[in-house]
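Source file: target.tsv. Holds: TSV, C-alpha atoms.
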chain	number	residue	atom	x	y	z
A	13	GLY	CA	7.10	-28.58	-67.35
A	14	GLY	CA	7.02	-25.22	-65.64
A	15	GLN	CA	4.46	-22.93	-64.03
A	16	ASN	CA	2.13	-20.09	-65.05
A	17	GLY	CA	2.82	-20.57	-68.75
A	18	ARG	CA	6.58	-20.31	-68.28
A	19	PRO	CA	8.35	-23.53	-69.32
A	20	LEU	CA	10.93	-25.01	-67.00
A	21	LEU	CA	13.21	-25.91	-69.90
A	22	GLN	CA	13.55	-23.63	-72.90
A	23	GLY	CA	16.19	-23.34	-75.60
A	24	LEU	CA	16.70	-21.90	-79.06
A	25	PHE	CA	17.89	-24.27	-81.75
A	26	GLU	CA	19.01	-23.14	-85.18
A	27	TYR	CA	19.62	-25.20	-88.30
A	28	ASN	CA	21.73	-24.20	-91.31
A	29	THR	CA	19.33	-24.71	-94.22
A	30	GLU	CA	22.25	-24.79	-96.64
A	31	HIS	CA	22.63	-28.39	-95.48
A	32	ARG	CA	19.82	-30.29	-97.19
A	33	ILE	CA	17.78	-32.57	-94.98
A	34	THR	CA	14.73	-34.78	-95.35
A	35	ARG	CA	11.70	-34.72	-93.07
A	36	PRO	CA	12.72	-38.04	-91.44
A	37	GLY	CA	16.26	-36.71	-91.17
A	38	LEU	CA	15.04	-33.64	-89.32
A	39	HIS	CA	12.88	-35.85	-87.09
A	40	HIS	CA	15.94	-37.89	-86.15
A	41	LEU	CA	18.18	-34.83	-85.80
A	42	CYS	CA	15.78	-33.20	-83.34
A	43	ALA	CA	15.46	-36.44	-81.35
A	44	HIS	CA	19.24	-36.78	-81.14
A	45	GLU	CA	20.23	-33.17	-80.51
A	46	VAL	CA	17.21	-31.85	-78.60
A	47	MET	CA	14.51	-34.04	-77.03
A	48	PRO	CA	15.10	-36.49	-75.50
A	49	GLY	CA	18.75	-36.43	-76.61
A	50	HIS	CA	21.61	-34.08	-75.85
A	51	TYR	CA	19.61	-31.00	-74.81
A	52	LEU	CA	17.45	-32.82	-72.26
A	53	ASN	CA	20.45	-34.56	-70.73
A	54	ALA	CA	22.43	-31.30	-70.55
A	55	ALA	CA	19.45	-29.41	-69.12
A	56	VAL	CA	18.96	-31.99	-66.36
A	57	ILE	CA	22.66	-31.74	-65.45
A	58	ASP	CA	22.25	-27.96	-65.28
A	59	LEU	CA	19.22	-28.33	-62.99
A	60	LEU	CA	21.14	-30.74	-60.76
A	61	TRP	CA	23.94	-28.18	-60.49
A	62	ARG	CA	21.49	-25.40	-59.66
A	63	GLY	CA	20.09	-27.65	-56.94
A	64	GLY	CA	23.53	-28.26	-55.48
A	65	ASN	CA	23.62	-31.94	-56.42
A	66	VAL	CA	26.64	-31.85	-58.75
A	67	GLY	CA	29.63	-29.55	-59.12
A	68	PHE	CA	29.78	-26.77	-61.71
A	69	GLU	CA	32.36	-28.68	-63.77
A	70	SER	CA	29.62	-31.23	-64.48
A	71	THR	CA	27.85	-28.66	-66.68
A	72	VAL	CA	30.87	-28.34	-68.99
A	73	GLY	CA	30.86	-30.91	-71.79
A	74	THR	CA	34.15	-32.70	-72.35
A	75	MET	CA	35.20	-34.15	-75.70
A	76	LEU	CA	37.12	-37.39	-76.18
A	77	THR	CA	36.13	-38.84	-72.79
A	78	PRO	CA	33.98	-41.72	-71.45
A	79	SER	CA	31.32	-39.05	-70.81
A	80	THR	CA	31.22	-38.28	-74.54
A	81	ILE	CA	30.78	-41.95	-75.40
A	82	PHE	CA	27.83	-42.22	-73.02
A	83	GLN	CA	26.22	-38.99	-74.25
A	84	GLU	CA	26.41	-40.04	-77.90
A	85	GLY	CA	25.01	-43.44	-76.97
A	86	TRP	CA	22.16	-41.76	-75.10
A	87	ALA	CA	21.33	-39.49	-78.05
A	88	GLN	CA	21.49	-42.35	-80.56
A	89	ASN	CA	18.91	-44.33	-78.58
A	90	THR	CA	16.24	-41.68	-78.16
A	91	TYR	CA	13.46	-43.74	-79.77
A	92	GLU	CA	14.39	-46.76	-77.68
A	93	LEU	CA	14.48	-44.62	-74.53
A	94	LEU	CA	10.95	-43.35	-75.16
A	95	TYR	CA	9.37	-46.58	-76.41
A	96	GLY	CA	11.69	-49.36	-75.31
A	97	ASP	CA	12.20	-50.51	-78.90
A	98	ARG	CA	12.80	-48.77	-82.22
A	99	GLU	CA	10.05	-50.66	-84.06
A	100	VAL	CA	7.51	-49.81	-81.36
A	101	ALA	CA	8.46	-46.15	-81.76
A	102	LEU	CA	8.02	-46.32	-85.53
A	103	ALA	CA	4.60	-47.97	-85.17
A	104	ALA	CA	3.56	-45.19	-82.77
A	105	LEU	CA	3.89	-42.67	-85.59
A	106	GLY	CA	0.65	-44.02	-87.01
A	107	ASP	CA	1.86	-43.35	-90.56
A	108	GLU	CA	3.33	-46.35	-92.37
A	109	ARG	CA	4.95	-44.26	-95.10
A	110	LEU	CA	6.64	-41.93	-92.60
A	111	ALA	CA	7.61	-44.90	-90.44
A	112	ASN	CA	9.34	-46.59	-93.39
A	113	GLN	CA	11.13	-43.36	-94.28
A	114	LEU	CA	12.30	-42.90	-90.69
A	115	ARG	CA	13.35	-46.57	-90.52
A	116	ILE	CA	15.61	-46.01	-93.54
A	117	GLU	CA	16.98	-42.81	-91.94
A	118	LEU	CA	17.83	-44.67	-88.73
A	119	ILE	CA	19.46	-47.57	-90.57
A	120	ASN	CA	21.53	-45.04	-92.51
A	121	SER	CA	22.45	-43.37	-89.22
A	122	ASP	CA	23.65	-46.73	-87.89
A	123	LEU	CA	25.81	-47.07	-91.00
A	124	GLN	CA	27.16	-43.55	-90.50
A	125	ASP	CA	28.15	-44.55	-86.96
A	126	LYS	CA	30.14	-47.40	-88.50
A	127	ALA	CA	31.76	-44.99	-90.95
A	128	LYS	CA	32.78	-42.68	-88.10
A	129	HIS	CA	34.22	-45.66	-86.26
A	130	ASN	CA	36.09	-47.04	-89.27
A	131	ALA	CA	37.48	-43.90	-90.94
A	132	SER	CA	40.51	-43.32	-88.71
A	133	LEU	CA	40.96	-47.03	-88.04
A	134	LEU	CA	41.36	-47.71	-91.75
A	135	PHE	CA	43.46	-44.65	-92.61
A	136	GLN	CA	45.69	-44.36	-89.55
A	137	GLY	CA	45.59	-47.86	-88.12
A	138	ARG	CA	45.70	-49.99	-91.26
A	139	GLY	CA	47.31	-47.61	-93.74
A	140	VAL	CA	44.40	-47.76	-96.19
A	141	SER	CA	44.52	-45.01	-98.82
A	142	LEU	CA	42.29	-41.98	-98.43
A	143	ASP	CA	40.56	-42.85	-101.71
A	144	GLU	CA	39.66	-46.28	-100.35
A	145	VAL	CA	38.43	-44.72	-97.10
A	146	LYS	CA	36.17	-42.44	-99.15
A	147	ARG	CA	34.91	-45.42	-101.16
A	148	HIS	CA	34.19	-47.33	-97.95
A	149	ILE	CA	32.23	-44.43	-96.45
A	150	GLY	CA	30.28	-43.76	-99.65
A	151	ASP	CA	29.68	-47.29	-100.94
A	152	ASP	CA	29.87	-49.69	-97.99
A	153	CYS	CA	28.30	-47.29	-95.47
A	154	VAL	CA	25.94	-45.69	-98.02
A	155	GLN	CA	26.74	-42.07	-97.14
A	156	TRP	CA	26.22	-39.11	-99.46
A	157	ASP	CA	29.01	-36.85	-100.67
A	158	PRO	CA	29.00	-34.22	-97.86
A	159	ILE	CA	29.35	-36.98	-95.23
A	160	VAL	CA	32.07	-38.69	-97.25
A	161	LYS	CA	33.95	-35.38	-97.38
A	162	LYS	CA	33.45	-34.74	-93.67
A	163	LEU	CA	34.45	-38.19	-92.42
A	164	SER	CA	37.45	-38.51	-94.72
A	165	GLY	CA	38.74	-35.19	-93.41
A	166	ILE	CA	39.46	-34.58	-89.73
A	167	TRP	CA	37.55	-37.70	-88.67
A	168	ALA	CA	39.96	-39.90	-90.62
A	169	GLN	CA	43.13	-37.85	-90.54
A	170	ASP	CA	43.47	-36.08	-87.19
A	171	SER	CA	45.64	-38.15	-84.83
A	172	VAL	CA	43.48	-37.40	-81.76
A	173	PHE	CA	39.97	-36.44	-82.88
A	174	GLY	CA	39.38	-39.35	-85.26
A	175	PRO	CA	40.58	-42.28	-83.14
A	176	MET	CA	39.14	-40.95	-79.87
A	177	TYR	CA	35.81	-39.49	-81.00
A	178	GLY	CA	34.90	-41.51	-84.08
A	179	PRO	CA	34.19	-44.77	-82.20
A	180	ALA	CA	32.01	-43.01	-79.59
A	181	TYR	CA	28.81	-43.41	-81.61
A	182	VAL	CA	29.01	-47.16	-82.20
A	183	ILE	CA	30.35	-48.00	-78.74
A	184	GLY	CA	27.93	-45.68	-76.95
A	185	ARG	CA	24.89	-46.68	-79.01
A	186	GLU	CA	25.50	-50.38	-78.48
A	187	ALA	CA	26.16	-49.95	-74.74
A	188	VAL	CA	22.99	-47.93	-74.10
A	189	ASN	CA	20.92	-50.17	-76.40
A	190	ASP	CA	22.13	-53.30	-74.60
A	191	ALA	CA	21.26	-51.65	-71.28
A	192	ILE	CA	17.71	-50.89	-72.46
A	193	LYS	CA	17.23	-54.49	-73.57
A	194	THR	CA	18.62	-55.83	-70.29
A	195	HIS	CA	17.24	-53.41	-67.72
A	196	GLY	CA	14.37	-51.63	-69.49
A	197	SER	CA	14.17	-48.00	-70.51
A	198	GLN	CA	12.83	-46.75	-67.15
A	199	LYS	CA	15.96	-47.79	-65.24
A	200	VAL	CA	18.21	-46.58	-68.06
A	201	ILE	CA	16.51	-43.16	-67.96
A	202	GLN	CA	16.83	-42.98	-64.16
A	203	VAL	CA	20.55	-43.66	-64.30
A	204	GLY	CA	21.21	-41.88	-67.62
A	205	LEU	CA	19.64	-38.64	-66.40
A	206	HIS	CA	22.01	-38.71	-63.42
A	207	TYR	CA	19.42	-39.12	-60.64
A	208	ASP	CA	21.86	-41.49	-58.90
A	209	GLY	CA	24.89	-39.28	-59.60
A	210	LEU	CA	26.64	-38.04	-62.73
A	211	VAL	CA	27.51	-40.86	-65.11
A	212	ASP	CA	29.88	-41.56	-67.96
A	213	LEU	CA	30.00	-44.80	-69.93
A	214	GLU	CA	31.63	-46.84	-67.16
A	215	THR	CA	29.68	-45.47	-64.19
A	216	PHE	CA	26.43	-45.75	-66.19
A	217	GLN	CA	26.97	-49.49	-66.55
A	218	THR	CA	28.11	-49.91	-62.93
A	219	LYS	CA	25.12	-48.07	-61.47
A	220	LEU	CA	22.68	-50.00	-63.66
A	221	ALA	CA	24.14	-53.29	-62.46
A	222	ARG	CA	23.50	-52.22	-58.85
A	223	LEU	CA	19.80	-51.61	-59.63
A	224	SER	CA	19.32	-55.15	-60.96
What is this file in structure tokens?
Amino acid sequence: GGQNGRPLLQGLFEYNTEHRITRPGLHHLCAHEVMPGHYLNAAVIDLLWRGGNVGFESTVGTMLTPSTIFQEGWAQNTYELLYGDREVALAALGDERLANQLRIELINSDLQDKAKHNASLLFQGRGVSLDEVKRHIGDDCVQWDPIVKKLSGIWAQDSVFGPMYGPAYVIGREAVNDAIKTHGSQKVIQVGLHYDGLVDLETFQTKLARLS
């Protein structure tokens, strides 16, 4: 969007190349973090504030809240938001090899969501040893060593961060995905981009139900 060659939305995104990433991984990362994921949603909230439609506090992201759960669910469903279905999105790439690579990346991302959900539950809730938590993340959830190290650290061990943030990805992804299947991506986008008022996980579901 925009006028006279000046885009309406513009941002600078940097990536630490010390963290190795595949082409499909970068594709997914950009979809999740930038367009149409977190950046687009945050930019729309900023525009709504500038237009006087929401308060300034709406532009400040809050961790460990129902808003976080919705935002992670939104960002984990970017392909479904654009195409209505993940497989339709993969077919739209027009490259079977790239589609298969991205399919594997997305399946692995789903497993990483499970690992984030389970890490603190196993360690803090069930008293499972840290070594077993690491084995679960690496073997059962098929995550590579840097992710195992990350998720067995603060994600598993912090008494607030792990239990309150870790589950956000699974719960949010499933909630937004179910909404797309039930209501269609157009309605989900309308509500999820806050055209009917700022939403978190609960108000997102309530407002969608009113549109049905």
(message) Residues within 12 Å of His206 of chain A, please, as a ChimeraX atom specification. Count only C-alpha atoms; anything in the same chain fewer than 3 positions from it doesn't count.
(response) /A:52-61,65-66,70,79,82-83,199-203,209-213,215-216,219-220
Limited to C-alpha atoms, could you put the picked residues into a file as a tab-separated table (two decimals), keeping the file's coordinate frame?
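Below is the file part_34.tsv, written as the result:
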chain	number	residue	atom	x	y	z
A	52	LEU	CA	17.45	-32.82	-72.26
A	53	ASN	CA	20.45	-34.56	-70.73
A	54	ALA	CA	22.43	-31.30	-70.55
A	55	ALA	CA	19.45	-29.41	-69.12
A	56	VAL	CA	18.96	-31.99	-66.36
A	57	ILE	CA	22.66	-31.74	-65.45
A	58	ASP	CA	22.25	-27.96	-65.28
A	59	LEU	CA	19.22	-28.33	-62.99
A	60	LEU	CA	21.14	-30.74	-60.76
A	61	TRP	CA	23.94	-28.18	-60.49
A	65	ASN	CA	23.62	-31.94	-56.42
A	66	VAL	CA	26.64	-31.85	-58.75
A	70	SER	CA	29.62	-31.23	-64.48
A	79	SER	CA	31.32	-39.05	-70.81
A	82	PHE	CA	27.83	-42.22	-73.02
A	83	GLN	CA	26.22	-38.99	-74.25
A	199	LYS	CA	15.96	-47.79	-65.24
A	200	VAL	CA	18.21	-46.58	-68.06
A	201	ILE	CA	16.51	-43.16	-67.96
A	202	GLN	CA	16.83	-42.98	-64.16
A	203	VAL	CA	20.55	-43.66	-64.30
A	209	GLY	CA	24.89	-39.28	-59.60
A	210	LEU	CA	26.64	-38.04	-62.73
A	211	VAL	CA	27.51	-40.86	-65.11
A	212	ASP	CA	29.88	-41.56	-67.96
A	213	LEU	CA	30.00	-44.80	-69.93
A	215	THR	CA	29.68	-45.47	-64.19
A	216	PHE	CA	26.43	-45.75	-66.19
A	219	LYS	CA	25.12	-48.07	-61.47
A	220	LEU	CA	22.68	-50.00	-63.66
(request) Just give me the gap between atom CA of Ala103 of chain A and atom CA of Glu186 of chain A in Å, one decimal is fine. (result) 22.1 Å
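If all atoms listed in the file are the atoms counted, then among A:Ser121, A:Gln136, A:Pro175, A:Gly63 the closest residue to Gln155 of chain A is A:Ser121.
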(message) If I take atom CA of Asp190 of chain A and atom CA of Gln113 of chain A, how far is one from the other in Å, to one decimal?
(response) 24.6 Å
(request) Would you mind reading off the distance between atom CA of Cys153 of chain A and atom CA of Gln124 of chain A, one decimal, in Å? (result) 6.3 Å
(message) So, with all atoms listed in the file as the atoms that count, which of A:Gly184, A:Gly14, A:Pro36, A:Gly196 lies closest to Gly85 of chain A?
(response) A:Gly184
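Nearest residue to Ala87 of chain A among A:Val172, A:Val188, A:Val160, A:Leu20 is A:Val188, counting all atoms listed in the file.
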(request) Measuring atom to atom with all atoms listed in the file, identify which of A:Pro179, A:Pro78, A:Pro158, A:Gly17 is nearest to Lys128 of chain A. (result) A:Pro179
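For Arg115 of chain A, the list of residues within 10 Å, based on only C-alpha atoms and with local chain neighbours fewer than 3 positions off taken out, reads Pro36, Arg98, Glu99, Leu102, Arg109, Leu110, Ala111, Asn112, Leu118, Ile119, Asn120 and Ser121 of chain A.
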(message) Could you check which residues have any atom within 10 Å of (28.1, -49.7, -96.4), counting only C-alpha atoms with coordinates taken straight from the file, and then list them as a list in words?
(response) Asn120, Leu123, Gln124, Lys126, Ala127, Arg147, His148, Ile149, Gly150, Asp151, Asp152, Cys153, Val154 and Gln155 of chain A
(message) Please list as a PyMOL selection string every residue within 7 Å of Ala180 of chain A, counting only C-alpha atoms and excluding residues in the same chain fewer than 4 positions away.
(response) chain A and resi 80-81+84+184
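Using only C-alpha atoms, the smallest distance between any of A:Ser197, A:Thr77, A:Gln217, A:Gln15 and Phe173 of chain A comes from A:Thr77.
Distance check against His129 of chain A using all atoms listed in the file: of A:Trp86, A:Ala104, A:Ile116, A:Gly178, the minimum falls on A:Gly178.
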